[in-house]
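Enquirer: Can you read through this structure? Questions will come right after.
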Amino acid sequence: MSRQERKAELAAALTEIQERIATACAKAGRDPGEVQLLPITKNFPASDVALLTELGCTEFGESREQEASAKAAELAAAGIHPRWHLIGRLQRNKARAVLRWAGVIQTVDSVRLADALAKAVAKARAEGEREDPLDVLVQLSLDGDPQRGGVPQDQLAELVAKITRSGELTLKGVMAVAPLGSNPHDAFGELAEVSARLRNEHAGAVVVSAGMSGDLEAAIDHGSTCVRVGTSLLGGRRLTSP
């Protein structure tokens with residue numbers, strides 16, 4: 001497929017997803033401008049990210065530090081500097097490395113990870129590598145499955161306190177993945193309740209990252225402000241990044 005053919009394919013998919021978001025917002029009585037579309041580009045090449053930037057996308061989600069760092073470096077060399085979100089699980093020993101490319105960490109789910117990130121940010125600031133705190137979302141577990149990540153609700157307050165007191169991290173909101181086989185309306189309704197309580201205590205924690213290709217309508221119905229879309233935008237095939 002030529003570059004122009006791939007761009008046309010991505011443009012058509014982007015338009016379709018934007019129409020889905022607009023329709024879902026209309027049904028929920030919401031402004032489509034309240035909902036960010038975050039393309040998830042894991043397993044796809046930097047060239048696709050470049051094409052999506054030409055189509056107006058400015059922020060992207062990646063799952064793995066090694067793949068994302070290589071992709072970010074390739075794009076930066078071409079003068080392309082999107083804002084990257086880490087949407088996959090992060091090991092504490094990768095905290096310093098992920099700071100080199102990620103502007104947002106959406107998957108902070110433990111006090112130990114928050115502490116590792118805060119220390120990494122403090123070191124980077126001391127060495128002149130960055131000036132600002134790191135934006136983070138708390139990933140909430142909606143099913144209690146430790147393999148899928150997320151902090152249990154009974155540990156949420158402790159994690160939020162760690163983040164907000166660190167001085168190196170800025171709490172922007174919550175993120176969650178609907179449990180497999182569940183009714184997404186039930187899952188995202190629960191997330192909305194947690195988000196509302198969090199906003200009452202922390203006015204800046206307004207982001208609700210929820211909804212993917214298959215359930216973004218339900219997420220928007222329950223107040224999602226960021227839908228993470230991969231397959232419906234980029235396709236189901238795996239592409240190898242150069």
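Residue numbers start at 1 in each chain; chains themselves are named A, B, ... in the order of the structure tokens; ligands are numbered from 1 in the order shown.
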Within 12 Å of His81 (chain A), counting only C-alpha atoms, which residues qualify if same-chain residues fewer than 2 places away don't, as a list in words?
Expert: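 My list of contacting residues is Ala46, Val49, Ala50, Thr53, Cys57, Thr58, Glu59, Phe60, Lys71, Ala72, Ala73, Glu74, Leu75, Ala76, Ala77, Ala78, Gly79, Arg83, Trp84, Trp101, Ala102 and Gly103 of chain A.
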Enquirer: Include all heavy atoms and write out the residues we just selected as a compact mmCIF listing (two decimals), in the first residue's frame.
Expert:
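Saved file again37.txt follows:
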# COMPACT_ATOMS: atom_id res chain seq x y z
N ALA A 46 5.86 4.03 12.97
CA ALA A 46 5.92 5.49 13.14
C ALA A 46 5.32 6.20 11.93
O ALA A 46 4.78 7.30 12.07
CB ALA A 46 7.37 5.92 13.35
N VAL A 49 1.78 7.04 12.57
CA VAL A 49 1.65 8.19 13.47
C VAL A 49 1.86 9.48 12.69
O VAL A 49 1.12 10.46 12.85
CB VAL A 49 2.64 8.10 14.64
CG1 VAL A 49 2.51 9.31 15.56
CG2 VAL A 49 2.43 6.81 15.44
N ALA A 50 2.87 9.49 11.82
CA ALA A 50 3.13 10.68 11.01
C ALA A 50 1.93 11.03 10.15
O ALA A 50 1.55 12.21 10.03
CB ALA A 50 4.36 10.45 10.15
N THR A 53 -0.80 12.54 12.26
CA THR A 53 -0.53 13.93 12.62
C THR A 53 -0.91 14.86 11.48
O THR A 53 -1.41 15.96 11.69
CB THR A 53 0.94 14.17 13.02
OG1 THR A 53 1.80 13.87 11.91
CG2 THR A 53 1.34 13.30 14.22
N CYS A 57 -4.28 14.68 14.29
CA CYS A 57 -4.10 14.07 15.61
C CYS A 57 -2.79 14.58 16.23
O CYS A 57 -1.77 14.70 15.53
CB CYS A 57 -4.05 12.55 15.51
SG CYS A 57 -5.57 11.81 14.86
N THR A 58 -2.82 14.87 17.51
CA THR A 58 -1.65 15.43 18.18
C THR A 58 -1.19 14.61 19.38
O THR A 58 -0.10 14.85 19.90
CB THR A 58 -1.93 16.86 18.66
OG1 THR A 58 -3.03 16.85 19.57
CG2 THR A 58 -2.25 17.77 17.48
N GLU A 59 -2.00 13.65 19.82
CA GLU A 59 -1.66 12.84 20.98
C GLU A 59 -1.92 11.37 20.65
O GLU A 59 -2.88 11.04 19.94
CB GLU A 59 -2.46 13.27 22.22
CG GLU A 59 -2.24 14.73 22.57
CD GLU A 59 -2.80 15.12 23.93
OE1 GLU A 59 -2.80 14.27 24.84
OE2 GLU A 59 -3.23 16.28 24.07
N PHE A 60 -1.06 10.49 21.17
CA PHE A 60 -1.13 9.07 20.84
C PHE A 60 -0.84 8.23 22.07
O PHE A 60 -0.13 8.66 22.98
CB PHE A 60 -0.12 8.73 19.74
CG PHE A 60 -0.38 9.46 18.44
CD1 PHE A 60 0.18 10.71 18.21
CD2 PHE A 60 -1.20 8.91 17.48
CE1 PHE A 60 -0.08 11.40 17.05
CE2 PHE A 60 -1.47 9.60 16.30
CZ PHE A 60 -0.90 10.85 16.08
N LYS A 71 9.86 4.61 18.56
CA LYS A 71 8.95 5.31 17.66
C LYS A 71 9.04 6.82 17.87
O LYS A 71 9.07 7.60 16.91
CB LYS A 71 7.53 4.81 17.92
CG LYS A 71 6.55 5.00 16.80
CD LYS A 71 5.22 4.32 17.11
CE LYS A 71 5.38 2.81 17.21
NZ LYS A 71 4.07 2.15 17.45
N ALA A 72 9.08 7.23 19.13
CA ALA A 72 9.17 8.65 19.44
C ALA A 72 10.47 9.24 18.90
O ALA A 72 10.49 10.36 18.37
CB ALA A 72 9.08 8.87 20.95
N ALA A 73 11.56 8.50 19.03
CA ALA A 73 12.85 8.99 18.54
C ALA A 73 12.84 9.11 17.01
O ALA A 73 13.36 10.08 16.45
CB ALA A 73 13.96 8.04 18.98
N GLU A 74 12.24 8.13 16.34
CA GLU A 74 12.16 8.16 14.88
C GLU A 74 11.36 9.38 14.41
O GLU A 74 11.75 10.07 13.47
CB GLU A 74 11.51 6.87 14.38
CG GLU A 74 11.37 6.80 12.87
CD GLU A 74 10.73 5.50 12.41
OE1 GLU A 74 10.73 4.52 13.18
OE2 GLU A 74 10.22 5.49 11.28
N LEU A 75 10.26 9.64 15.06
CA LEU A 75 9.43 10.78 14.68
C LEU A 75 10.10 12.11 15.01
O LEU A 75 10.03 13.06 14.24
CB LEU A 75 8.07 10.68 15.36
CG LEU A 75 7.17 9.56 14.81
CD1 LEU A 75 6.07 9.24 15.79
CD2 LEU A 75 6.59 9.96 13.46
N ALA A 76 10.74 12.16 16.17
CA ALA A 76 11.43 13.40 16.56
C ALA A 76 12.51 13.74 15.55
O ALA A 76 12.73 14.92 15.23
CB ALA A 76 12.02 13.25 17.96
N ALA A 77 13.20 12.73 15.04
CA ALA A 77 14.24 12.97 14.03
C ALA A 77 13.65 13.57 12.76
O ALA A 77 14.35 14.25 12.01
CB ALA A 77 14.96 11.66 13.72
N ALA A 78 12.36 13.31 12.54
CA ALA A 78 11.68 13.87 11.37
C ALA A 78 10.96 15.17 11.70
O ALA A 78 10.22 15.71 10.87
CB ALA A 78 10.67 12.85 10.83
N GLY A 79 11.19 15.67 12.91
CA GLY A 79 10.58 16.93 13.31
C GLY A 79 9.14 16.81 13.77
O GLY A 79 8.41 17.81 13.81
N ARG A 83 2.30 14.38 21.58
CA ARG A 83 2.29 14.08 23.02
C ARG A 83 1.90 12.61 23.18
O ARG A 83 0.88 12.17 22.66
CB ARG A 83 1.29 14.97 23.75
CG ARG A 83 1.44 14.90 25.28
CD ARG A 83 0.53 15.90 25.95
NE ARG A 83 0.89 16.11 27.32
CZ ARG A 83 0.03 16.13 28.35
NH1 ARG A 83 -1.26 15.95 28.13
NH2 ARG A 83 0.45 16.35 29.57
N TRP A 84 2.73 11.90 23.92
CA TRP A 84 2.54 10.46 24.08
C TRP A 84 1.93 10.13 25.45
O TRP A 84 2.32 10.70 26.46
CB TRP A 84 3.88 9.74 23.95
CG TRP A 84 4.55 9.88 22.62
CD1 TRP A 84 5.52 10.77 22.28
CD2 TRP A 84 4.30 9.11 21.44
NE1 TRP A 84 5.90 10.60 20.98
CE2 TRP A 84 5.17 9.59 20.43
CE3 TRP A 84 3.43 8.06 21.15
CZ2 TRP A 84 5.19 9.05 19.16
CZ3 TRP A 84 3.45 7.52 19.87
CH2 TRP A 84 4.32 8.01 18.89
N TRP A 101 9.98 10.07 26.88
CA TRP A 101 9.06 10.24 25.76
C TRP A 101 7.60 10.48 26.18
O TRP A 101 6.86 11.15 25.47
CB TRP A 101 9.12 9.03 24.81
CG TRP A 101 8.80 7.73 25.47
CD1 TRP A 101 9.68 6.88 26.07
CD2 TRP A 101 7.51 7.12 25.61
NE1 TRP A 101 9.02 5.78 26.58
CE2 TRP A 101 7.69 5.90 26.31
CE3 TRP A 101 6.22 7.49 25.21
CZ2 TRP A 101 6.63 5.05 26.61
CZ3 TRP A 101 5.16 6.64 25.52
CH2 TRP A 101 5.37 5.44 26.21
N ALA A 102 7.19 9.98 27.32
CA ALA A 102 5.78 10.06 27.69
C ALA A 102 5.43 11.38 28.37
O ALA A 102 6.14 11.83 29.27
CB ALA A 102 5.41 8.90 28.61
N GLY A 103 4.33 11.99 27.94
CA GLY A 103 3.85 13.19 28.59
C GLY A 103 2.80 12.89 29.63
O GLY A 103 2.54 13.70 30.52
Enquirer: Just the residues within 8 Å of Leu171 (chain A), please, counting only C-alpha atoms, with nothing from its chain fewer than 5 positions along; format it as an MDAnalysis selection string.
Expert: chainID A and resid 135:138 160 163:164 204:205
Enquirer: Just write the chosen residues, C-alpha atoms, as a CSV table (one decimal), in the first residue's frame.
Expert:
chain,number,residue,atom,x,y,z
A,135,ASP,CA,0.7,14.2,34.4
A,136,VAL,CA,-0.7,10.9,35.6
A,137,LEU,CA,-4.0,9.1,35.7
A,138,VAL,CA,-4.9,6.6,38.4
A,160,VAL,CA,-4.2,9.4,45.4
A,163,ILE,CA,0.4,11.3,44.1
A,164,THR,CA,-1.0,14.6,45.3
A,204,GLY,CA,-8.1,19.2,38.6
A,205,ALA,CA,-8.7,15.5,38.3
Enquirer: Where does DSSP see strand (DSSP E or B) in region 5-208 of chain A, if you list the residues as number ranges by chain?
Expert: A: 36-40, 59-62, 83-86, 102-108, 134-140, 151, 169-175, 207-208
Enquirer: Pick out the residues sitting within 10 Å of Ala13 (chain A), and hand them over as a list in words; count only C-alpha atoms, and ignore anything fewer than 4 positions along from it in its own chain.
Expert: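 Everything that qualifies: Lys7, Ala8, Glu9, Ile17, Gln18, Glu19, Thr231, Ser232, Leu233, Leu234 and Gly235 of chain A.
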Enquirer: Write out as a list of chain:residue names which residues come within 10 Å of Asp48 (chain A) when counting only C-alpha atoms, dropping same-chain ones fewer than 4 positions away.
Expert: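 The neighbour list is A:Arg3, A:Arg6, A:Lys7, A:Leu10, A:Thr41, A:Phe44, A:Leu52, A:Thr53, A:Glu54, A:Leu234, A:Leu239, A:Ser241.
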Enquirer: Which one is closest to Glu16 (chain A): A:Ala97, A:Ala118, A:Val229, A:Ala161? Count only C-alpha atoms.
Expert: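 Counting only C-alpha atoms, the residue closest to Glu16 (chain A) is A:Val229.
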Enquirer: Compile the contact shell of Leu216 (chain A) as a VMD selection string: residues with an atom at most 12 Å away, counting only C-alpha atoms, same-chain residues fewer than 5 positions apart removed.
Expert: chain A and resid 17 to 25 35 to 38 177 to 178 184 to 185 188 209 to 211 221 to 230 232
Enquirer: Write the residues you've just listed into a file as a CSV table (one decimal), in the first residue's frame, and include N, CA, C and O atoms for each of them.
Expert:
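again.csv written:
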chain,number,residue,atom,x,y,z
A,17,ILE,N,-14.9,7.2,13.2
A,17,ILE,CA,-14.8,7.2,14.6
A,17,ILE,C,-15.3,8.5,15.2
A,17,ILE,O,-16.0,8.6,16.2
A,18,GLN,N,-14.9,9.6,14.5
A,18,GLN,CA,-15.4,10.9,15.0
A,18,GLN,C,-16.9,11.0,14.9
A,18,GLN,O,-17.5,11.6,15.7
A,19,GLU,N,-17.5,10.4,13.9
A,19,GLU,CA,-18.9,10.3,13.7
A,19,GLU,C,-19.6,9.5,14.8
A,19,GLU,O,-20.6,9.9,15.4
A,20,ARG,N,-18.9,8.4,15.2
A,20,ARG,CA,-19.4,7.6,16.3
A,20,ARG,C,-19.4,8.4,17.6
A,20,ARG,O,-20.3,8.3,18.4
A,21,ILE,N,-18.3,9.1,17.8
A,21,ILE,CA,-18.2,9.9,19.0
A,21,ILE,C,-19.3,11.0,19.1
A,21,ILE,O,-19.9,11.2,20.1
A,22,ALA,N,-19.5,11.7,17.9
A,22,ALA,CA,-20.5,12.7,17.8
A,22,ALA,C,-21.9,12.2,18.1
A,22,ALA,O,-22.7,12.8,18.8
A,23,THR,N,-22.2,11.0,17.5
A,23,THR,CA,-23.5,10.4,17.7
A,23,THR,C,-23.7,10.0,19.2
A,23,THR,O,-24.8,10.2,19.8
A,24,ALA,N,-22.7,9.4,19.8
A,24,ALA,CA,-22.8,9.0,21.2
A,24,ALA,C,-22.9,10.2,22.1
A,24,ALA,O,-23.7,10.2,23.1
A,25,CYS,N,-22.3,11.3,21.8
A,25,CYS,CA,-22.4,12.5,22.6
A,25,CYS,C,-23.8,13.1,22.4
A,25,CYS,O,-24.4,13.6,23.4
A,35,VAL,N,-14.8,15.2,24.4
A,35,VAL,CA,-14.3,13.9,24.3
A,35,VAL,C,-13.1,13.8,23.4
A,35,VAL,O,-13.2,14.1,22.2
A,36,GLN,N,-11.9,13.5,24.0
A,36,GLN,CA,-10.7,13.3,23.2
A,36,GLN,C,-10.6,11.9,22.6
A,36,GLN,O,-10.9,10.9,23.2
A,37,LEU,N,-10.3,11.9,21.3
A,37,LEU,CA,-9.9,10.6,20.6
A,37,LEU,C,-8.4,10.4,20.7
A,37,LEU,O,-7.7,11.2,20.2
A,38,LEU,N,-8.0,9.3,21.4
A,38,LEU,CA,-6.6,9.0,21.6
A,38,LEU,C,-6.3,7.8,20.7
A,38,LEU,O,-6.6,6.7,21.1
A,177,VAL,N,-10.4,0.0,32.3
A,177,VAL,CA,-10.8,-0.9,31.2
A,177,VAL,C,-12.0,-1.7,31.7
A,177,VAL,O,-11.9,-2.3,32.8
A,178,ALA,N,-13.0,-1.8,30.9
A,178,ALA,CA,-14.2,-2.6,31.3
A,178,ALA,C,-13.8,-4.1,31.4
A,178,ALA,O,-13.0,-4.6,30.5
A,184,PRO,N,-20.6,-3.1,29.8
A,184,PRO,CA,-19.7,-1.9,30.0
A,184,PRO,C,-20.5,-0.8,30.6
A,184,PRO,O,-19.8,0.0,31.3
A,185,HIS,N,-21.8,-0.7,30.5
A,185,HIS,CA,-22.5,0.3,31.2
A,185,HIS,C,-22.4,0.2,32.7
A,185,HIS,O,-22.2,1.2,33.4
A,188,PHE,N,-18.6,1.3,33.5
A,188,PHE,CA,-18.3,2.7,33.3
A,188,PHE,C,-19.2,3.5,34.3
A,188,PHE,O,-18.8,4.7,34.6
A,209,SER,N,-10.6,8.5,31.4
A,209,SER,CA,-10.1,7.7,30.2
A,209,SER,C,-10.8,6.4,30.2
A,209,SER,O,-10.4,5.5,31.0
A,210,ALA,N,-11.8,6.2,29.3
A,210,ALA,CA,-12.5,5.0,29.3
A,210,ALA,C,-13.1,4.8,27.9
A,210,ALA,O,-13.5,5.8,27.3
A,211,GLY,N,-13.2,3.6,27.5
A,211,GLY,CA,-13.8,3.3,26.2
A,211,GLY,C,-12.8,3.0,25.2
A,211,GLY,O,-11.8,3.8,25.0
A,221,ASP,N,-21.4,7.7,27.3
A,221,ASP,CA,-22.7,7.8,28.0
A,221,ASP,C,-22.5,8.0,29.5
A,221,ASP,O,-23.3,8.6,30.2
A,222,HIS,N,-21.4,7.5,30.0
A,222,HIS,CA,-21.1,7.6,31.5
A,222,HIS,C,-19.9,8.6,31.7
A,222,HIS,O,-19.3,8.5,32.8
A,223,GLY,N,-19.7,9.5,30.8
A,223,GLY,CA,-18.8,10.7,31.1
A,223,GLY,C,-17.4,10.6,30.7
A,223,GLY,O,-16.6,11.4,31.1
A,224,SER,N,-17.0,9.6,29.9
A,224,SER,CA,-15.7,9.5,29.4
A,224,SER,C,-15.2,10.8,28.7
A,224,SER,O,-16.0,11.3,27.9
A,225,THR,N,-14.0,11.2,29.0
A,225,THR,CA,-13.5,12.4,28.3
A,225,THR,C,-12.3,12.0,27.4
A,225,THR,O,-11.8,12.9,26.7
A,226,CYS,N,-12.0,10.7,27.3
A,226,CYS,CA,-10.9,10.2,26.5
A,226,CYS,C,-11.2,8.8,26.1
A,226,CYS,O,-11.2,7.9,27.0
A,227,VAL,N,-11.4,8.6,24.8
A,227,VAL,CA,-11.6,7.2,24.3
A,227,VAL,C,-10.3,6.8,23.6
A,227,VAL,O,-9.7,7.5,22.8
A,228,ARG,N,-9.9,5.5,23.9
A,228,ARG,CA,-8.6,5.0,23.4
A,228,ARG,C,-8.9,4.0,22.3
A,228,ARG,O,-9.4,2.9,22.5
A,229,VAL,N,-8.6,4.4,21.1
A,229,VAL,CA,-9.1,3.6,19.9
A,229,VAL,C,-7.9,3.2,19.1
A,229,VAL,O,-7.1,4.0,18.6
A,230,GLY,N,-7.8,1.9,18.9
A,230,GLY,CA,-6.7,1.3,18.1
A,230,GLY,C,-7.2,0.6,16.9
A,230,GLY,O,-7.1,1.1,15.8
A,232,SER,N,-10.2,0.0,15.5
A,232,SER,CA,-11.1,0.7,14.6
A,232,SER,C,-10.5,1.8,13.7
A,232,SER,O,-11.0,2.1,12.7
Enquirer: Quick check for you: according to DSSP on this backbone, which residues of region 65-217 of chain A are classed as helix (DSSP H, G or I)? Reply as a compact mmCIF listing (two decimals) with N, CA and C atoms, in the first residue's frame.
Expert:
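The result, written out as states.txt:
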# COMPACT_ATOMS: atom_id res chain seq x y z
N GLU A 65 7.23 0.44 26.65
CA GLU A 65 8.26 1.48 26.70
C GLU A 65 9.25 1.35 25.55
N GLN A 66 9.74 0.16 25.29
CA GLN A 66 10.78 -0.01 24.29
C GLN A 66 10.29 0.36 22.89
N GLU A 67 9.10 -0.13 22.54
CA GLU A 67 8.54 0.20 21.23
C GLU A 67 8.26 1.70 21.11
N ALA A 68 7.69 2.25 22.16
CA ALA A 68 7.31 3.67 22.13
C ALA A 68 8.52 4.58 22.05
N SER A 69 9.55 4.27 22.80
CA SER A 69 10.73 5.14 22.80
C SER A 69 11.39 5.16 21.42
N ALA A 70 11.45 4.01 20.77
CA ALA A 70 12.03 3.95 19.42
C ALA A 70 11.18 4.74 18.43
N LYS A 71 9.86 4.61 18.56
CA LYS A 71 8.95 5.31 17.66
C LYS A 71 9.04 6.82 17.87
N ALA A 72 9.08 7.23 19.13
CA ALA A 72 9.17 8.65 19.44
C ALA A 72 10.47 9.24 18.90
N ALA A 73 11.56 8.50 19.03
CA ALA A 73 12.85 8.99 18.54
C ALA A 73 12.84 9.11 17.01
N GLU A 74 12.24 8.13 16.34
CA GLU A 74 12.16 8.16 14.88
C GLU A 74 11.36 9.38 14.41
N LEU A 75 10.26 9.64 15.06
CA LEU A 75 9.43 10.78 14.68
C LEU A 75 10.10 12.11 15.01
N ALA A 76 10.74 12.16 16.17
CA ALA A 76 11.43 13.40 16.56
C ALA A 76 12.51 13.74 15.55
N ALA A 77 13.20 12.73 15.04
CA ALA A 77 14.24 12.97 14.03
C ALA A 77 13.65 13.57 12.76
N ARG A 92 8.35 -0.63 37.57
CA ARG A 92 8.98 0.47 38.29
C ARG A 92 10.38 0.77 37.78
N ASN A 93 11.10 -0.25 37.34
CA ASN A 93 12.48 -0.02 36.88
C ASN A 93 12.54 0.68 35.52
N LYS A 94 11.37 0.88 34.89
CA LYS A 94 11.32 1.62 33.62
C LYS A 94 10.86 3.06 33.81
N ALA A 95 10.71 3.49 35.06
CA ALA A 95 10.15 4.82 35.34
C ALA A 95 10.99 5.93 34.71
N ARG A 96 12.29 5.86 34.85
CA ARG A 96 13.15 6.93 34.30
C ARG A 96 13.13 6.91 32.78
N ALA A 97 13.14 5.71 32.20
CA ALA A 97 13.17 5.61 30.74
C ALA A 97 11.90 6.17 30.11
N VAL A 98 10.75 5.91 30.74
CA VAL A 98 9.50 6.34 30.14
C VAL A 98 9.35 7.86 30.14
N VAL A 111 1.08 2.53 44.97
CA VAL A 111 1.89 3.52 45.67
C VAL A 111 3.35 3.36 45.28
N ARG A 112 3.79 2.13 45.11
CA ARG A 112 5.20 1.88 44.76
C ARG A 112 5.53 2.43 43.39
N LEU A 113 4.61 2.29 42.43
CA LEU A 113 4.85 2.85 41.10
C LEU A 113 4.83 4.37 41.16
N ALA A 114 3.89 4.94 41.89
CA ALA A 114 3.84 6.40 42.02
C ALA A 114 5.12 6.93 42.64
N ASP A 115 5.63 6.22 43.63
CA ASP A 115 6.87 6.63 44.28
C ASP A 115 8.04 6.57 43.30
N ALA A 116 8.10 5.50 42.50
CA ALA A 116 9.19 5.35 41.53
C ALA A 116 9.12 6.47 40.48
N LEU A 117 7.93 6.81 40.03
CA LEU A 117 7.79 7.88 39.05
C LEU A 117 8.16 9.23 39.65
N ALA A 118 7.72 9.47 40.88
CA ALA A 118 8.05 10.75 41.53
C ALA A 118 9.55 10.91 41.70
N LYS A 119 10.23 9.85 42.08
CA LYS A 119 11.68 9.90 42.24
C LYS A 119 12.36 10.12 40.89
N ALA A 120 11.85 9.47 39.85
CA ALA A 120 12.44 9.64 38.52
C ALA A 120 12.26 11.08 38.03
N VAL A 121 11.08 11.66 38.27
CA VAL A 121 10.84 13.04 37.87
C VAL A 121 11.75 13.98 38.65
N ALA A 122 11.89 13.75 39.95
CA ALA A 122 12.74 14.61 40.78
C ALA A 122 14.19 14.57 40.28
N LYS A 123 14.66 13.37 39.93
CA LYS A 123 16.03 13.25 39.43
C LYS A 123 16.19 13.95 38.09
N ALA A 124 15.19 13.77 37.21
CA ALA A 124 15.26 14.41 35.90
C ALA A 124 15.24 15.94 36.03
N ARG A 125 14.46 16.44 36.96
CA ARG A 125 14.41 17.89 37.16
C ARG A 125 15.72 18.40 37.76
N ALA A 126 16.30 17.64 38.66
CA ALA A 126 17.57 18.05 39.28
C ALA A 126 18.70 18.08 38.25
N PRO A 146 -5.63 -8.83 39.11
CA PRO A 146 -4.32 -8.16 39.16
C PRO A 146 -3.55 -8.24 37.85
N GLN A 147 -3.87 -9.21 37.00
CA GLN A 147 -3.17 -9.35 35.72
C GLN A 147 -3.54 -8.24 34.75
N ARG A 148 -4.68 -7.59 34.97
CA ARG A 148 -5.11 -6.54 34.05
C ARG A 148 -4.75 -5.15 34.55
N GLN A 153 -10.45 -0.37 44.72
CA GLN A 153 -11.05 0.85 45.28
C GLN A 153 -10.65 1.09 46.72
N ASP A 154 -10.43 0.01 47.49
CA ASP A 154 -10.08 0.22 48.90
C ASP A 154 -8.65 0.72 49.09
N GLN A 155 -7.86 0.76 47.99
CA GLN A 155 -6.51 1.30 48.06
C GLN A 155 -6.37 2.62 47.30
N LEU A 156 -7.48 3.09 46.75
CA LEU A 156 -7.43 4.28 45.91
C LEU A 156 -7.02 5.52 46.70
N ALA A 157 -7.59 5.71 47.87
CA ALA A 157 -7.31 6.92 48.64
C ALA A 157 -5.83 7.04 48.98
N GLU A 158 -5.21 5.92 49.35
CA GLU A 158 -3.78 5.93 49.68
C GLU A 158 -2.95 6.32 48.46
N LEU A 159 -3.31 5.77 47.29
CA LEU A 159 -2.57 6.08 46.07
C LEU A 159 -2.74 7.54 45.68
N VAL A 160 -3.96 8.04 45.75
CA VAL A 160 -4.21 9.45 45.41
C VAL A 160 -3.43 10.37 46.33
N ALA A 161 -3.39 10.03 47.62
CA ALA A 161 -2.64 10.85 48.57
C ALA A 161 -1.16 10.86 48.22
N LYS A 162 -0.62 9.72 47.83
CA LYS A 162 0.79 9.64 47.45
C LYS A 162 1.08 10.54 46.25
N ILE A 163 0.20 10.51 45.26
CA ILE A 163 0.40 11.31 44.05
C ILE A 163 0.31 12.79 44.36
N THR A 164 -0.72 13.19 45.06
CA THR A 164 -0.97 14.62 45.25
C THR A 164 0.01 15.27 46.22
N ARG A 165 0.63 14.47 47.08
CA ARG A 165 1.59 15.03 48.03
C ARG A 165 3.02 15.01 47.51
N SER A 166 3.24 14.36 46.37
CA SER A 166 4.62 14.16 45.90
C SER A 166 5.27 15.44 45.43
N PRO A 184 -20.58 -3.13 29.81
CA PRO A 184 -19.74 -1.93 29.95
C PRO A 184 -20.45 -0.78 30.64
N HIS A 185 -21.77 -0.73 30.53
CA HIS A 185 -22.51 0.34 31.21
C HIS A 185 -22.36 0.23 32.72
N ASP A 186 -22.38 -1.00 33.24
CA ASP A 186 -22.19 -1.18 34.68
C ASP A 186 -20.79 -0.76 35.09
N ALA A 187 -19.79 -1.18 34.31
CA ALA A 187 -18.39 -0.87 34.63
C ALA A 187 -18.14 0.63 34.57
N PHE A 188 -18.58 1.27 33.50
CA PHE A 188 -18.30 2.69 33.35
C PHE A 188 -19.17 3.55 34.28
N GLY A 189 -20.32 3.01 34.67
CA GLY A 189 -21.11 3.71 35.68
C GLY A 189 -20.38 3.75 37.01
N GLU A 190 -19.75 2.64 37.35
CA GLU A 190 -18.95 2.58 38.58
C GLU A 190 -17.77 3.54 38.51
N LEU A 191 -17.11 3.57 37.36
CA LEU A 191 -15.98 4.48 37.18
C LEU A 191 -16.44 5.94 37.30
N ALA A 192 -17.60 6.25 36.76
CA ALA A 192 -18.12 7.62 36.84
C ALA A 192 -18.34 8.05 38.28
N GLU A 193 -18.81 7.14 39.10
CA GLU A 193 -19.03 7.45 40.51
C GLU A 193 -17.71 7.74 41.21
N VAL A 194 -16.70 6.92 40.93
CA VAL A 194 -15.39 7.14 41.53
C VAL A 194 -14.81 8.47 41.07
N SER A 195 -14.95 8.75 39.77
CA SER A 195 -14.43 10.00 39.22
C SER A 195 -15.09 11.20 39.87
N ALA A 196 -16.40 11.13 40.07
CA ALA A 196 -17.12 12.26 40.69
C ALA A 196 -16.62 12.51 42.10
N ARG A 197 -16.40 11.45 42.86
CA ARG A 197 -15.89 11.62 44.23
C ARG A 197 -14.48 12.21 44.21
N LEU A 198 -13.68 11.75 43.25
CA LEU A 198 -12.31 12.25 43.16
C LEU A 198 -12.28 13.73 42.81
N ARG A 199 -13.14 14.15 41.88
CA ARG A 199 -13.20 15.57 41.50
C ARG A 199 -13.65 16.46 42.65
N ASN A 200 -14.49 15.92 43.51
CA ASN A 200 -14.94 16.71 44.66
C ASN A 200 -13.77 17.05 45.59
N GLU A 201 -12.77 16.18 45.62
CA GLU A 201 -11.62 16.39 46.49
C GLU A 201 -10.44 17.02 45.76
N LEU A 216 -16.88 2.35 23.17
CA LEU A 216 -16.72 3.79 23.40
C LEU A 216 -18.06 4.50 23.60
N GLU A 217 -19.14 3.99 22.99
CA GLU A 217 -20.45 4.62 23.18
C GLU A 217 -20.90 4.53 24.63
Enquirer: I'd like the interatomic distance between CA of Leu169 (chain A) and CA of Gln106 (chain A), to a tenth of an Å.
Expert: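 Straight-line distance from CA of Leu169 (chain A) to CA of Gln106 (chain A) works out to 12.1 Å.
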Enquirer: Using only C-alpha atoms, which of the listed residues (A:Glu34, A:Pro179, A:Pro133, A:Leu55) sits closest to Val206 (chain A)?
Expert: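 Ranked by minimum distance to Val206 (chain A), first place goes to A:Glu34.
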Enquirer: Could you tell me which of A:Asp145, A:His85, A:Asp109, A:Lys27 comes closest to Ala218 (chain A) if we count only C-alpha atoms?
Expert: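 Closest to Ala218 (chain A) of all the choices is A:Lys27.
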Enquirer: So the first atom is CA of Val208 (chain A) and the second is CA of Ala176 (chain A); what is the distance between them in Å, to one decimal place?
Expert: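 If I compute the distance from CA of Val208 (chain A) to CA of Ala176 (chain A), I get 8.3 Å.
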Enquirer: Hey, which of A:Ile220, A:Val151, A:Leu140, A:Met1 ends up closest to Arg30 (chain A)? Count only C-alpha atoms.
Expert: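 Of A:Ile220, A:Val151, A:Leu140, A:Met1, the one nearest Arg30 (chain A), counting only C-alpha atoms, is A:Ile220.
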